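Novice: Structure file target32.txt (compact mmCIF, C-alpha atoms) right here:
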# COMPACT_ATOMS: atom_id res chain seq x y z
CA MET P 134 0.00 0.00 0.00
CA ALA P 135 1.20 3.47 -0.79
CA ILE P 136 0.09 5.35 2.33
CA ASP P 137 1.41 8.91 2.52
CA PRO P 138 3.71 9.09 5.59
CA THR P 139 1.95 12.29 6.68
CA ARG P 140 -1.04 10.08 7.54
CA PHE P 141 0.86 8.28 10.31
CA CYS P 142 0.56 9.43 13.92
CA ILE P 143 2.22 8.27 17.14
CA ASN P 144 0.23 7.85 20.34
CA ARG P 145 2.25 8.78 23.42
CA LYS P 146 1.36 5.43 25.01
CA ILE P 147 4.17 3.89 22.95
CA ALA P 148 6.83 5.75 24.95
CA PRO P 149 5.57 5.98 28.54
CA ARG P 150 9.00 6.78 30.03
CA LEU P 151 9.89 9.66 27.72
CA SER P 152 9.34 13.29 28.55
CA LEU P 153 7.17 15.23 26.14
CA GLU P 154 10.21 16.85 24.57
CA ALA P 155 11.98 13.50 24.15
CA PHE P 156 8.78 12.05 22.66
CA PHE P 157 8.52 14.91 20.17
CA GLN P 158 12.19 14.43 19.27
CA LEU P 159 11.56 10.72 18.62
CA VAL P 160 8.62 11.56 16.35
CA GLN P 161 10.74 14.09 14.47
CA ARG P 162 13.57 11.56 13.99
CA LEU P 163 11.05 9.26 12.33
CA GLY P 164 10.22 11.99 9.82
CA LEU P 165 6.71 12.30 11.25
CA ASN P 166 4.88 15.17 12.92
CA LYS P 167 1.52 13.92 14.25
CA VAL P 168 0.97 12.80 17.85
CA GLU P 169 -1.77 11.84 20.27
CA LEU P 170 -1.35 13.00 23.86
CA ARG P 171 -2.97 11.36 26.87
CA ASN P 172 -4.35 12.10 30.32
CA ASP P 173 -3.37 8.69 31.75
CA MET P 174 0.42 8.92 31.61
CA PRO P 175 2.66 8.60 34.70
CA GLY P 176 2.87 12.40 34.97
CA GLY P 177 -0.86 12.51 35.61
CA SER P 178 -1.77 15.23 33.14
CA VAL P 179 -1.83 15.86 29.41
CA THR P 180 1.05 18.33 29.62
CA ASP P 181 3.02 16.68 32.46
CA ASP P 182 4.53 19.52 34.47
CA LEU P 183 4.74 21.93 31.53
CA SER P 184 2.73 25.10 31.20
CA VAL P 185 0.61 25.63 28.10
CA ASP P 186 3.16 28.14 26.80
CA GLN P 187 6.03 25.70 27.36
CA LEU P 188 4.20 22.93 25.51
CA ARG P 189 3.28 25.24 22.63
CA ALA P 190 6.94 26.25 22.38
CA LEU P 191 7.92 22.57 22.06
CA THR P 192 5.29 21.84 19.42
CA ASP P 193 6.54 24.87 17.47
CA ARG P 194 10.18 23.84 17.85
CA TYR P 195 9.61 20.28 16.64
CA GLN P 196 6.75 21.15 14.25
CA ILE P 197 4.35 18.81 16.04
CA ASP P 198 0.66 18.51 15.18
CA ILE P 199 -1.41 17.32 18.17
CA VAL P 200 -4.17 15.24 16.60
CA THR P 201 -6.00 14.24 19.79
CA ILE P 202 -6.08 14.04 23.53
CA ASN P 203 -7.03 10.57 24.87
CA ALA P 204 -9.55 10.37 26.56
CA LEU P 205 -12.82 11.39 28.16
CA TYR P 206 -14.18 8.38 30.08
CA PRO P 207 -16.91 7.24 30.46
CA PHE P 208 -18.51 9.75 28.11
CA ASN P 209 -21.88 7.97 28.04
CA ARG P 210 -22.47 8.04 31.80
CA ILE P 211 -23.09 11.71 32.38
CA ASP P 212 -22.74 13.21 35.84
CA ASP P 213 -21.28 16.41 37.29
CA ASP P 214 -17.80 14.91 37.56
CA LEU P 215 -17.83 13.80 33.91
CA LEU P 216 -18.99 17.23 32.75
CA GLU P 217 -16.27 18.94 34.81
CA ARG P 218 -13.60 16.68 33.34
CA ALA P 219 -14.97 17.19 29.83
CA GLU P 220 -14.78 20.96 30.29
CA ALA P 221 -11.20 20.76 31.59
CA LEU P 222 -10.02 18.46 28.77
CA LEU P 223 -11.72 20.57 26.09
CA GLN P 224 -10.13 23.69 27.52
CA THR P 225 -6.72 22.02 27.53
CA ALA P 226 -7.24 20.78 23.97
CA GLN P 227 -8.04 24.28 22.78
CA GLN P 228 -5.11 25.82 24.67
CA ILE P 229 -2.49 23.40 23.33
CA GLY P 230 -3.85 23.29 19.78
CA ALA P 231 -5.16 19.72 19.81
CA ARG P 232 -7.68 19.03 17.07
CA ALA P 233 -9.85 16.43 18.80
CA LEU P 234 -10.77 14.76 22.08
CA VAL P 235 -11.30 10.98 22.20
CA MET P 236 -14.43 9.76 24.00
CA CYS P 237 -14.53 6.22 25.42
CA PRO P 238 -17.69 4.45 26.66
CA LEU P 239 -18.30 2.85 30.04
CA ASN P 240 -16.32 -0.39 30.18
CA GLU P 241 -17.29 -1.95 33.49
CA GLY P 242 -19.94 -4.58 32.72
CA VAL P 243 -22.81 -2.12 33.25
CA VAL P 244 -25.41 -2.03 30.50
CA LEU P 245 -26.24 1.39 29.09
CA SER P 246 -28.95 1.66 26.47
CA PRO P 247 -28.27 3.10 23.01
CA GLN P 248 -30.65 5.89 23.96
CA GLN P 249 -28.47 6.80 26.96
CA THR P 250 -25.36 6.91 24.77
CA GLN P 251 -27.16 8.99 22.15
CA ALA P 252 -28.42 11.42 24.83
CA ALA P 253 -24.88 11.74 26.23
CA MET P 254 -23.58 12.69 22.78
CA GLN P 255 -26.28 15.34 22.48
CA GLN P 256 -25.45 16.76 25.91
CA LEU P 257 -21.71 16.91 25.21
CA ALA P 258 -21.81 18.19 21.62
CA PRO P 259 -22.41 21.88 22.48
CA ARG P 260 -19.38 21.87 24.76
CA PHE P 261 -17.18 20.48 21.98
CA ALA P 262 -18.57 23.10 19.59
CA HIS P 263 -17.89 25.90 22.09
CA TYR P 264 -14.18 25.03 22.17
CA GLY P 265 -13.92 24.15 18.47
CA ILE P 266 -12.80 20.59 19.21
CA GLN P 267 -13.75 17.51 17.19
CA GLY P 268 -15.29 14.66 19.19
CA LEU P 269 -14.07 11.15 18.32
CA VAL P 270 -16.14 8.29 19.74
CA GLU P 271 -14.14 5.10 20.24
CA PRO P 272 -16.19 1.92 20.80
CA LEU P 273 -14.37 -0.62 22.98
CA GLY P 274 -14.66 -4.25 21.95
CA PHE P 275 -14.28 -5.76 25.43
CA PRO P 276 -17.23 -7.97 26.46
CA VAL P 277 -17.90 -5.63 29.41
CA SER P 278 -18.09 -2.51 27.22
CA SER P 279 -21.33 -0.56 26.87
CA LEU P 280 -20.55 0.36 23.24
CA ARG P 281 -18.70 -2.23 21.16
CA SER P 282 -19.65 -1.70 17.51
CA GLY P 283 -18.20 0.80 15.07
CA VAL P 284 -21.27 0.58 12.82
CA GLU P 285 -23.62 1.13 15.78
CA THR P 286 -21.48 4.06 16.93
CA GLN P 287 -21.89 5.76 13.57
CA GLN P 288 -25.63 5.08 13.64
CA LEU P 289 -25.95 6.62 17.11
CA ILE P 290 -23.93 9.68 16.06
CA ALA P 291 -26.23 10.14 13.07
CA ALA P 292 -29.37 9.65 15.19
CA ALA P 293 -28.08 12.15 17.75
CA GLY P 294 -27.52 14.72 15.01
CA VAL P 295 -24.08 15.64 16.36
CA PRO P 296 -20.84 16.28 14.41
CA PHE P 297 -18.83 13.58 16.15
CA LYS P 298 -16.89 10.95 14.19
CA LEU P 299 -15.95 7.34 14.81
CA LEU P 300 -12.52 6.41 16.11
CA LEU P 301 -11.95 2.88 14.80
CA ASP P 302 -9.43 0.73 16.68
CA THR P 303 -8.22 -2.47 15.01
CA PHE P 304 -7.83 -4.20 18.40
CA HIS P 305 -11.35 -3.37 19.54
CA HIS P 306 -12.80 -4.21 16.12
CA HIS P 307 -11.25 -7.68 16.44
CA LEU P 308 -12.65 -8.19 19.93
CA PHE P 309 -16.27 -7.57 18.96
CA GLU P 310 -17.65 -10.89 17.69
CA GLU P 311 -20.20 -9.35 15.33
CA ALA P 312 -17.98 -6.61 13.91
CA GLU P 313 -17.44 -8.26 10.53
CA GLN P 314 -21.09 -8.99 9.76
CA THR P 315 -22.01 -5.57 8.40
CA PHE P 316 -18.74 -3.64 8.40
CA SER P 317 -17.97 -3.50 4.68
CA THR P 318 -21.58 -2.69 3.72
CA ASP P 319 -22.59 -0.36 6.56
CA ILE P 320 -19.46 1.53 7.65
CA ASP P 321 -19.09 5.07 6.32
CA VAL P 322 -15.37 5.71 5.94
CA THR P 323 -16.00 9.42 5.40
CA GLN P 324 -17.23 9.55 9.00
CA ILE P 325 -14.17 7.83 10.49
CA GLY P 326 -12.08 10.50 12.20
CA LEU P 327 -9.07 8.37 13.17
CA VAL P 328 -7.87 4.75 13.17
CA HIS P 329 -5.85 3.25 16.04
CA LEU P 330 -3.40 0.48 15.18
CA SER P 331 -1.75 -2.17 17.34
CA GLY P 332 -0.90 -5.83 17.01
CA VAL P 333 -1.38 -8.98 19.11
CA GLU P 334 0.61 -12.20 18.84
CA ASP P 335 -0.89 -13.90 21.92
CA ARG P 336 -3.03 -16.88 20.90
CA ARG P 337 -5.38 -16.96 23.89
CA PRO P 338 -9.14 -16.85 23.16
CA THR P 339 -10.23 -13.48 21.78
CA ALA P 340 -12.57 -12.75 24.69
CA GLU P 341 -9.61 -13.05 27.08
CA LEU P 342 -7.41 -10.49 25.34
CA THR P 343 -6.59 -7.30 27.24
CA ASP P 344 -4.63 -4.13 26.57
CA GLU P 345 -1.58 -5.92 28.00
CA GLU P 346 -1.33 -8.05 24.84
CA ARG P 347 -1.23 -5.03 22.52
CA ILE P 348 2.16 -4.49 20.89
CA MET P 349 3.14 -3.22 17.43
CA LEU P 350 2.33 -4.75 14.05
CA SER P 351 3.94 -8.00 12.90
CA ASP P 352 3.49 -10.91 10.52
CA LYS P 353 2.06 -12.89 13.45
CA ASP P 354 -0.64 -10.34 14.31
CA VAL P 355 -3.91 -12.10 15.13
CA LEU P 356 -5.79 -8.80 14.76
CA LYS P 357 -4.74 -8.73 11.10
CA SER P 358 -4.32 -4.97 11.44
CA VAL P 359 -2.50 -4.73 8.09
CA GLU P 360 -5.43 -6.43 6.37
CA GLN P 361 -7.86 -4.15 8.23
CA VAL P 362 -5.96 -1.15 6.91
CA ARG P 363 -5.94 -2.54 3.37
CA ARG P 364 -9.72 -2.85 3.49
CA LEU P 365 -10.13 0.68 4.82
CA GLU P 366 -7.96 1.96 1.99
CA ARG P 367 -10.05 0.02 -0.56
CA LEU P 368 -13.21 1.51 0.94
CA GLY P 369 -11.76 4.98 0.47
CA TYR P 370 -10.51 5.98 3.91
CA LYS P 371 -8.19 8.99 3.55
CA GLY P 372 -7.56 9.81 7.21
CA ILE P 373 -4.89 9.29 9.85
CA TYR P 374 -3.56 6.04 11.31
CA ALA P 375 -2.22 6.29 14.87
CA PHE P 376 -0.02 3.60 16.45
CA GLU P 377 -1.35 2.81 19.93
CA PRO P 378 0.24 -0.23 21.61
CA PHE P 379 -0.49 -0.69 25.32
CA SER P 380 1.62 -3.54 26.70
CA SER P 381 3.81 -3.05 29.77
CA GLN P 382 6.64 -4.27 27.50
CA LEU P 383 6.80 -0.69 26.25
CA ASN P 384 8.25 0.40 29.58
CA SER P 385 11.46 -1.49 28.82
CA TRP P 386 11.89 -0.27 25.24
CA THR P 387 14.74 2.14 24.59
CA PRO P 388 14.02 5.06 22.26
CA ALA P 389 16.00 3.21 19.58
CA GLU P 390 13.80 0.11 19.98
CA THR P 391 10.65 2.24 19.88
CA GLU P 392 11.85 3.82 16.64
CA ARG P 393 12.68 0.41 15.19
CA GLN P 394 9.24 -0.94 16.06
CA ILE P 395 7.48 2.04 14.49
CA ARG P 396 9.58 1.86 11.31
CA HIS P 397 8.89 -1.87 11.01
CA SER P 398 5.13 -1.37 11.42
CA ILE P 399 5.13 1.35 8.76
CA GLU P 400 7.09 -0.94 6.43
CA LEU P 401 4.48 -3.68 6.87
CA LEU P 402 1.72 -1.21 6.00
CA GLN P 403 3.61 0.15 2.99
CA ALA P 404 4.47 -3.28 1.56
Turn this file's structure into C-alpha cells for me.
Specialist:
Amino acid sequence: MAIDPTRFCINRKIAPRLSLEAFFQLVQRLGLNKVELRNDMPGGSVTDDLSVDQLRALTDRYQIDIVTINALYPFNRIDDDLLERAEALLQTAQQIGARALVMCPLNEGVVLSPQQTQAAMQQLAPRFAHYGIQGLVEPLGFPVSSLRSGVETQQLIAAAGVPFKLLLDTFHHHLFEEAEQTFSTDIDVTQIGLVHLSGVEDRRPTAELTDEERIMLSDKDVLKSVEQVRRLERLGYKGIYAFEPFSSQLNSWTPAETERQIRHSIELLQA
C-alpha cells in the first residue's frame, strides 16, 4: 500500500517513560509530525509539568501537530464529575492546539442503552462546539463494554444529530464478535475520524485479550491490522492512522527500539 507518511501518527502510550520533549524528538527523527497526547500517563496530566506556553513552544520547535487528547471516560455516563472533566479536557485541547478529544464508553460490565449513549452525545456536543474541538467516539470491543460496535457508533452519532466521528481501533474491532457482519456494507469511511493500530501475537481466546497483549504490528498479528488497513484503503478511507500499543513491554523499550518498532510497522503497511 502506498500510504502517505503524513497520515501516520504516534500515540504517546508507545513511549511511557519519555518526557514530552523526548517524545517529540523521537517523532521528528522518524520523519513524522503527528501525535496523540494522553491524560493517563505517569505524569498525571496531558502536559506533564509543563505550562501551556512551554508545551506550545515545544510543538513549534519540533513542528508537532497534536491530533487528539485521549480520553474522556466514560462519556456515556453523564454526571457532574464527567462534565467537569470534559470541560477541563476541552479547555486544555483548545489551549495546546489539539484538534480532537477521544471519547470512550463505560467499560465496566454495566449495560447502558443506546438511547443513553445517544443522549450523552447530544449533551456533550455543544461543549465540543464551544471550544472548536472535534469529538471522536471510540467503541471498545471488550465484552464488558457498553458500546462495542463501530457501525452502531456511527448510527448513534447520526441519530443524535451531532458532528462527532468514529474512532476505529483495530484491536477493539477484532474483539467484537459481530464486527465483521455488516462492516464492509454499513461503515461510512468518510465519517471515520481516526484509526488506532496495534498488534497482538498472543493466541489466547479473543474474549480473554486485554490491553496488556497489545504491541506493534507484525506478521504474526492475530488482529490482522495490516489487512484491516488494506480494506479501509479500498473503501476509500483517507484519514490518519495512529499507532497505539499498550503492553507493559513498552516500559522497557529504549528510544531506539521504539523507533525500530514504528519503522517496522510502517514498512508492513507500505508493503
Novice: If I put a ball of radius 9 Å at (-13.2, 2.7, 13.3) in the file's coordinates, which residues poke into it when counting all atoms listed in the file, written as an NGL selection string?
Specialist: :P and (271-272 or 282-284 or 299-303 or 305-306 or 320 or 322 or 325-329)
Novice: If we count all atoms listed in the file and set the cut-off at 12 Å, which residues sit around Pro175 in chain P, ignoring sequence neighbours fewer than 5 positions away in its own chain? Please answer as an MDAnalysis selection string.
Specialist: chainID P and resid 145:146 148:153 180:182 384
Novice: In Å, how far is it from CA of Arg140 in chain P to CA of Tyr264 in chain P?
Specialist: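 Computed distance, CA of Arg140 in chain P to CA of Tyr264 in chain P, equals 24.7 Å.
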Novice: Closest to Ala221 in chain P among P:Phe261, P:Met254, P:Ala135, P:Asp198, using all atoms listed in the file?
Specialist: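 Looking only at the distances to Ala221 in chain P, the closest residue turns out to be P:Phe261.
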Novice: Between CA of Gln324 in chain P and CA of Leu269 in chain P, what is the distance, to one decimal in Å?
Specialist: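 Taking CA of Gln324 in chain P and CA of Leu269 in chain P, their separation equals 10.0 Å.
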Novice: For CA of Gly274 in chain P and CA of Met236 in chain P, determine how far apart the two atoms are, in Å to one decimal place.
Specialist: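 One can read the CA of Gly274 in chain P to CA of Met236 in chain P distance as 14.2 Å.
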Novice: Dig up all the protein and nucleic acid residues within 12 Å of (6.5, 26.3, 22.3) in the file frame, using all atoms listed in the file, and format them as a list in words.
Specialist: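 Collected hits near the coordinates: Leu153, Glu154, Phe157, Leu183, Ser184, Val185, Asp186, Gln187, Leu188, Arg189, Ala190, Leu191, Thr192, Asp193, Arg194, Tyr195, Gln196, Ile197, Gln228, Ile229 and Gly230 of chain P.
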Novice: Tell me which of P:Cys142, P:Leu222, P:Ala389, P:Leu165 sits closest to Ala375 in chain P, counting all atoms listed in the file.
Specialist: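 Using all atoms listed in the file, the shortest distance to Ala375 in chain P belongs to P:Cys142.
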Novice: Just checking: using only C-alpha atoms, which residue out of P:Thr323, P:Asn166, P:Gln256, P:Ser279 ends up closest to Asn144 in chain P?
Specialist: P:Asn166
Novice: Using only C-alpha atoms, which of the listed residues (P:Asn203, P:Thr343, P:Thr250, P:Ser358) sits closest to Leu223 in chain P?
Specialist: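 For Leu223 in chain P, the nearest of the candidates is P:Asn203.
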Novice: Compare P:Pro207, P:Gly176, P:Pro388, P:Gly268 by their minimum atom-to-atom distance to Leu234 in chain P, counting all atoms listed in the file, and give me the closest one.
Specialist: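 Between P:Pro207, P:Gly176, P:Pro388, P:Gly268, the residue approaching Leu234 in chain P most closely is P:Gly268.
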Novice: Report the closest atom pair, with its distance in Å rounded to one decimal, for each residue of range 231-291 of chain P that has an atom no farther than 12 Å from range 330-342 of chain P; count all atoms listed in the file, sort by chain and then rising residue number, and write it as a tab-separated table.
Specialist:
residue	atom	partner	partner_atom	distance
P:Gly274	CA	P:Ala340	CA	9.2
P:Phe275	CA	P:Ala340	CA	7.2
P:Pro276	CA	P:Ala340	CA	6.9
P:Val277	CA	P:Ala340	CA	10.1
P:Ser278	CA	P:Ala340	CA	11.9
Novice: Skip Thr139 in chain P itself and residues of its chain fewer than 2 positions away, then list as number ranges by chain all residues within 10 Å of it, counting all atoms listed in the file.
Specialist: P: 136-137, 141-142, 164-167, 372-374
Novice: Please rebuild range 216-250 of chain P with N, CA and C atoms and return the result as a PDB file, keeping the file's coordinate frame.
Specialist:
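Written output follows (part13.pdb):
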ATOM      1  N   LEU P 216     -18.873  15.942  33.448  1.00  0.00           N
ATOM      2  CA  LEU P 216     -18.990  17.230  32.750  1.00  0.00           C
ATOM      3  C   LEU P 216     -17.843  18.169  33.131  1.00  0.00           C
ATOM      4  N   GLU P 217     -17.417  18.121  34.384  1.00  0.00           N
ATOM      5  CA  GLU P 217     -16.270  18.940  34.810  1.00  0.00           C
ATOM      6  C   GLU P 217     -14.997  18.493  34.101  1.00  0.00           C
ATOM      7  N   ARG P 218     -14.795  17.185  34.009  1.00  0.00           N
ATOM      8  CA  ARG P 218     -13.600  16.680  33.340  1.00  0.00           C
ATOM      9  C   ARG P 218     -13.640  16.956  31.836  1.00  0.00           C
ATOM     10  N   ALA P 219     -14.829  16.856  31.251  1.00  0.00           N
ATOM     11  CA  ALA P 219     -14.970  17.190  29.830  1.00  0.00           C
ATOM     12  C   ALA P 219     -14.591  18.643  29.591  1.00  0.00           C
ATOM     13  N   GLU P 220     -15.082  19.529  30.439  1.00  0.00           N
ATOM     14  CA  GLU P 220     -14.780  20.960  30.290  1.00  0.00           C
ATOM     15  C   GLU P 220     -13.281  21.207  30.402  1.00  0.00           C
ATOM     16  N   ALA P 221     -12.644  20.559  31.382  1.00  0.00           N
ATOM     17  CA  ALA P 221     -11.200  20.760  31.590  1.00  0.00           C
ATOM     18  C   ALA P 221     -10.398  20.227  30.405  1.00  0.00           C
ATOM     19  N   LEU P 222     -10.759  19.042  29.899  1.00  0.00           N
ATOM     20  CA  LEU P 222     -10.020  18.460  28.770  1.00  0.00           C
ATOM     21  C   LEU P 222     -10.238  19.270  27.495  1.00  0.00           C
ATOM     22  N   LEU P 223     -11.451  19.752  27.277  1.00  0.00           N
ATOM     23  CA  LEU P 223     -11.720  20.570  26.090  1.00  0.00           C
ATOM     24  C   LEU P 223     -10.950  21.887  26.156  1.00  0.00           C
ATOM     25  N   GLN P 224     -10.896  22.451  27.349  1.00  0.00           N
ATOM     26  CA  GLN P 224     -10.130  23.690  27.520  1.00  0.00           C
ATOM     27  C   GLN P 224      -8.654  23.456  27.238  1.00  0.00           C
ATOM     28  N   THR P 225      -8.125  22.362  27.784  1.00  0.00           N
ATOM     29  CA  THR P 225      -6.720  22.020  27.530  1.00  0.00           C
ATOM     30  C   THR P 225      -6.478  21.792  26.035  1.00  0.00           C
ATOM     31  N   ALA P 226      -7.379  21.056  25.397  1.00  0.00           N
ATOM     32  CA  ALA P 226      -7.240  20.780  23.970  1.00  0.00           C
ATOM     33  C   ALA P 226      -7.165  22.079  23.174  1.00  0.00           C
ATOM     34  N   GLN P 227      -8.047  22.991  23.484  1.00  0.00           N
ATOM     35  CA  GLN P 227      -8.040  24.280  22.780  1.00  0.00           C
ATOM     36  C   GLN P 227      -6.745  25.039  23.041  1.00  0.00           C
ATOM     37  N   GLN P 228      -6.302  25.047  24.294  1.00  0.00           N
ATOM     38  CA  GLN P 228      -5.110  25.820  24.670  1.00  0.00           C
ATOM     39  C   GLN P 228      -3.847  25.297  24.004  1.00  0.00           C
ATOM     40  N   ILE P 229      -3.733  23.961  23.875  1.00  0.00           N
ATOM     41  CA  ILE P 229      -2.490  23.400  23.330  1.00  0.00           C
ATOM     42  C   ILE P 229      -2.568  23.145  21.820  1.00  0.00           C
ATOM     43  N   GLY P 230      -3.724  23.446  21.224  1.00  0.00           N
ATOM     44  CA  GLY P 230      -3.850  23.290  19.780  1.00  0.00           C
ATOM     45  C   GLY P 230      -4.170  21.890  19.319  1.00  0.00           C
ATOM     46  N   ALA P 231      -4.737  21.062  20.212  1.00  0.00           N
ATOM     47  CA  ALA P 231      -5.160  19.720  19.810  1.00  0.00           C
ATOM     48  C   ALA P 231      -6.429  19.821  18.969  1.00  0.00           C
ATOM     49  N   ARG P 232      -6.522  18.968  17.966  1.00  0.00           N
ATOM     50  CA  ARG P 232      -7.680  19.030  17.070  1.00  0.00           C
ATOM     51  C   ARG P 232      -8.917  18.355  17.652  1.00  0.00           C
ATOM     52  N   ALA P 233      -8.723  17.268  18.407  1.00  0.00           N
ATOM     53  CA  ALA P 233      -9.850  16.430  18.800  1.00  0.00           C
ATOM     54  C   ALA P 233      -9.662  15.877  20.205  1.00  0.00           C
ATOM     55  N   LEU P 234     -10.771  15.446  20.788  1.00  0.00           N
ATOM     56  CA  LEU P 234     -10.770  14.760  22.080  1.00  0.00           C
ATOM     57  C   LEU P 234     -11.455  13.411  21.883  1.00  0.00           C
ATOM     58  N   VAL P 235     -10.765  12.340  22.304  1.00  0.00           N
ATOM     59  CA  VAL P 235     -11.300  10.980  22.200  1.00  0.00           C
ATOM     60  C   VAL P 235     -12.282  10.744  23.345  1.00  0.00           C
ATOM     61  N   MET P 236     -13.378  10.065  23.024  1.00  0.00           N
ATOM     62  CA  MET P 236     -14.430   9.760  24.000  1.00  0.00           C
ATOM     63  C   MET P 236     -14.609   8.251  24.061  1.00  0.00           C
ATOM     64  N   CYS P 237     -14.399   7.674  25.243  1.00  0.00           N
ATOM     65  CA  CYS P 237     -14.530   6.220  25.420  1.00  0.00           C
ATOM     66  C   CYS P 237     -15.765   5.906  26.259  1.00  0.00           C
ATOM     67  N   PRO P 238     -16.476   4.815  25.928  1.00  0.00           N
ATOM     68  CA  PRO P 238     -17.690   4.450  26.660  1.00  0.00           C
ATOM     69  C   PRO P 238     -17.385   3.702  27.951  1.00  0.00           C
ATOM     70  N   LEU P 239     -18.404   3.623  28.803  1.00  0.00           N
ATOM     71  CA  LEU P 239     -18.300   2.850  30.040  1.00  0.00           C
ATOM     72  C   LEU P 239     -17.902   1.425  29.726  1.00  0.00           C
ATOM     73  N   ASN P 240     -16.914   0.918  30.470  1.00  0.00           N
ATOM     74  CA  ASN P 240     -16.320  -0.390  30.180  1.00  0.00           C
ATOM     75  C   ASN P 240     -16.195  -1.190  31.472  1.00  0.00           C
ATOM     76  N   GLU P 241     -17.331  -1.349  32.164  1.00  0.00           N
ATOM     77  CA  GLU P 241     -17.290  -1.950  33.490  1.00  0.00           C
ATOM     78  C   GLU P 241     -18.370  -3.010  33.693  1.00  0.00           C
ATOM     79  N   GLY P 242     -18.924  -3.546  32.590  1.00  0.00           N
ATOM     80  CA  GLY P 242     -19.940  -4.580  32.720  1.00  0.00           C
ATOM     81  C   GLY P 242     -21.313  -4.052  33.074  1.00  0.00           C
ATOM     82  N   VAL P 243     -21.503  -2.747  32.986  1.00  0.00           N
ATOM     83  CA  VAL P 243     -22.810  -2.120  33.250  1.00  0.00           C
ATOM     84  C   VAL P 243     -23.464  -1.816  31.909  1.00  0.00           C
ATOM     85  N   VAL P 244     -24.702  -2.252  31.759  1.00  0.00           N
ATOM     86  CA  VAL P 244     -25.410  -2.030  30.500  1.00  0.00           C
ATOM     87  C   VAL P 244     -25.948  -0.604  30.451  1.00  0.00           C
ATOM     88  N   LEU P 245     -25.634   0.092  29.368  1.00  0.00           N
ATOM     89  CA  LEU P 245     -26.240   1.390  29.090  1.00  0.00           C
ATOM     90  C   LEU P 245     -26.967   1.272  27.758  1.00  0.00           C
ATOM     91  N   SER P 246     -28.156   1.789  27.689  1.00  0.00           N
ATOM     92  CA  SER P 246     -28.950   1.660  26.470  1.00  0.00           C
ATOM     93  C   SER P 246     -28.390   2.547  25.368  1.00  0.00           C
ATOM     94  N   PRO P 247     -28.662   2.212  24.108  1.00  0.00           N
ATOM     95  CA  PRO P 247     -28.270   3.100  23.010  1.00  0.00           C
ATOM     96  C   PRO P 247     -28.836   4.510  23.185  1.00  0.00           C
ATOM     97  N   GLN P 248     -30.026   4.578  23.753  1.00  0.00           N
ATOM     98  CA  GLN P 248     -30.650   5.890  23.960  1.00  0.00           C
ATOM     99  C   GLN P 248     -29.846   6.730  24.963  1.00  0.00           C
ATOM    100  N   GLN P 249     -29.299   6.078  25.994  1.00  0.00           N
ATOM    101  CA  GLN P 249     -28.470   6.800  26.960  1.00  0.00           C
ATOM    102  C   GLN P 249     -27.190   7.324  26.305  1.00  0.00           C
ATOM    103  N   THR P 250     -26.578   6.485  25.465  1.00  0.00           N
ATOM    104  CA  THR P 250     -25.360   6.910  24.770  1.00  0.00           C
ATOM    105  C   THR P 250     -25.671   8.048  23.810  1.00  0.00           C
TER     106      THR P 250
END
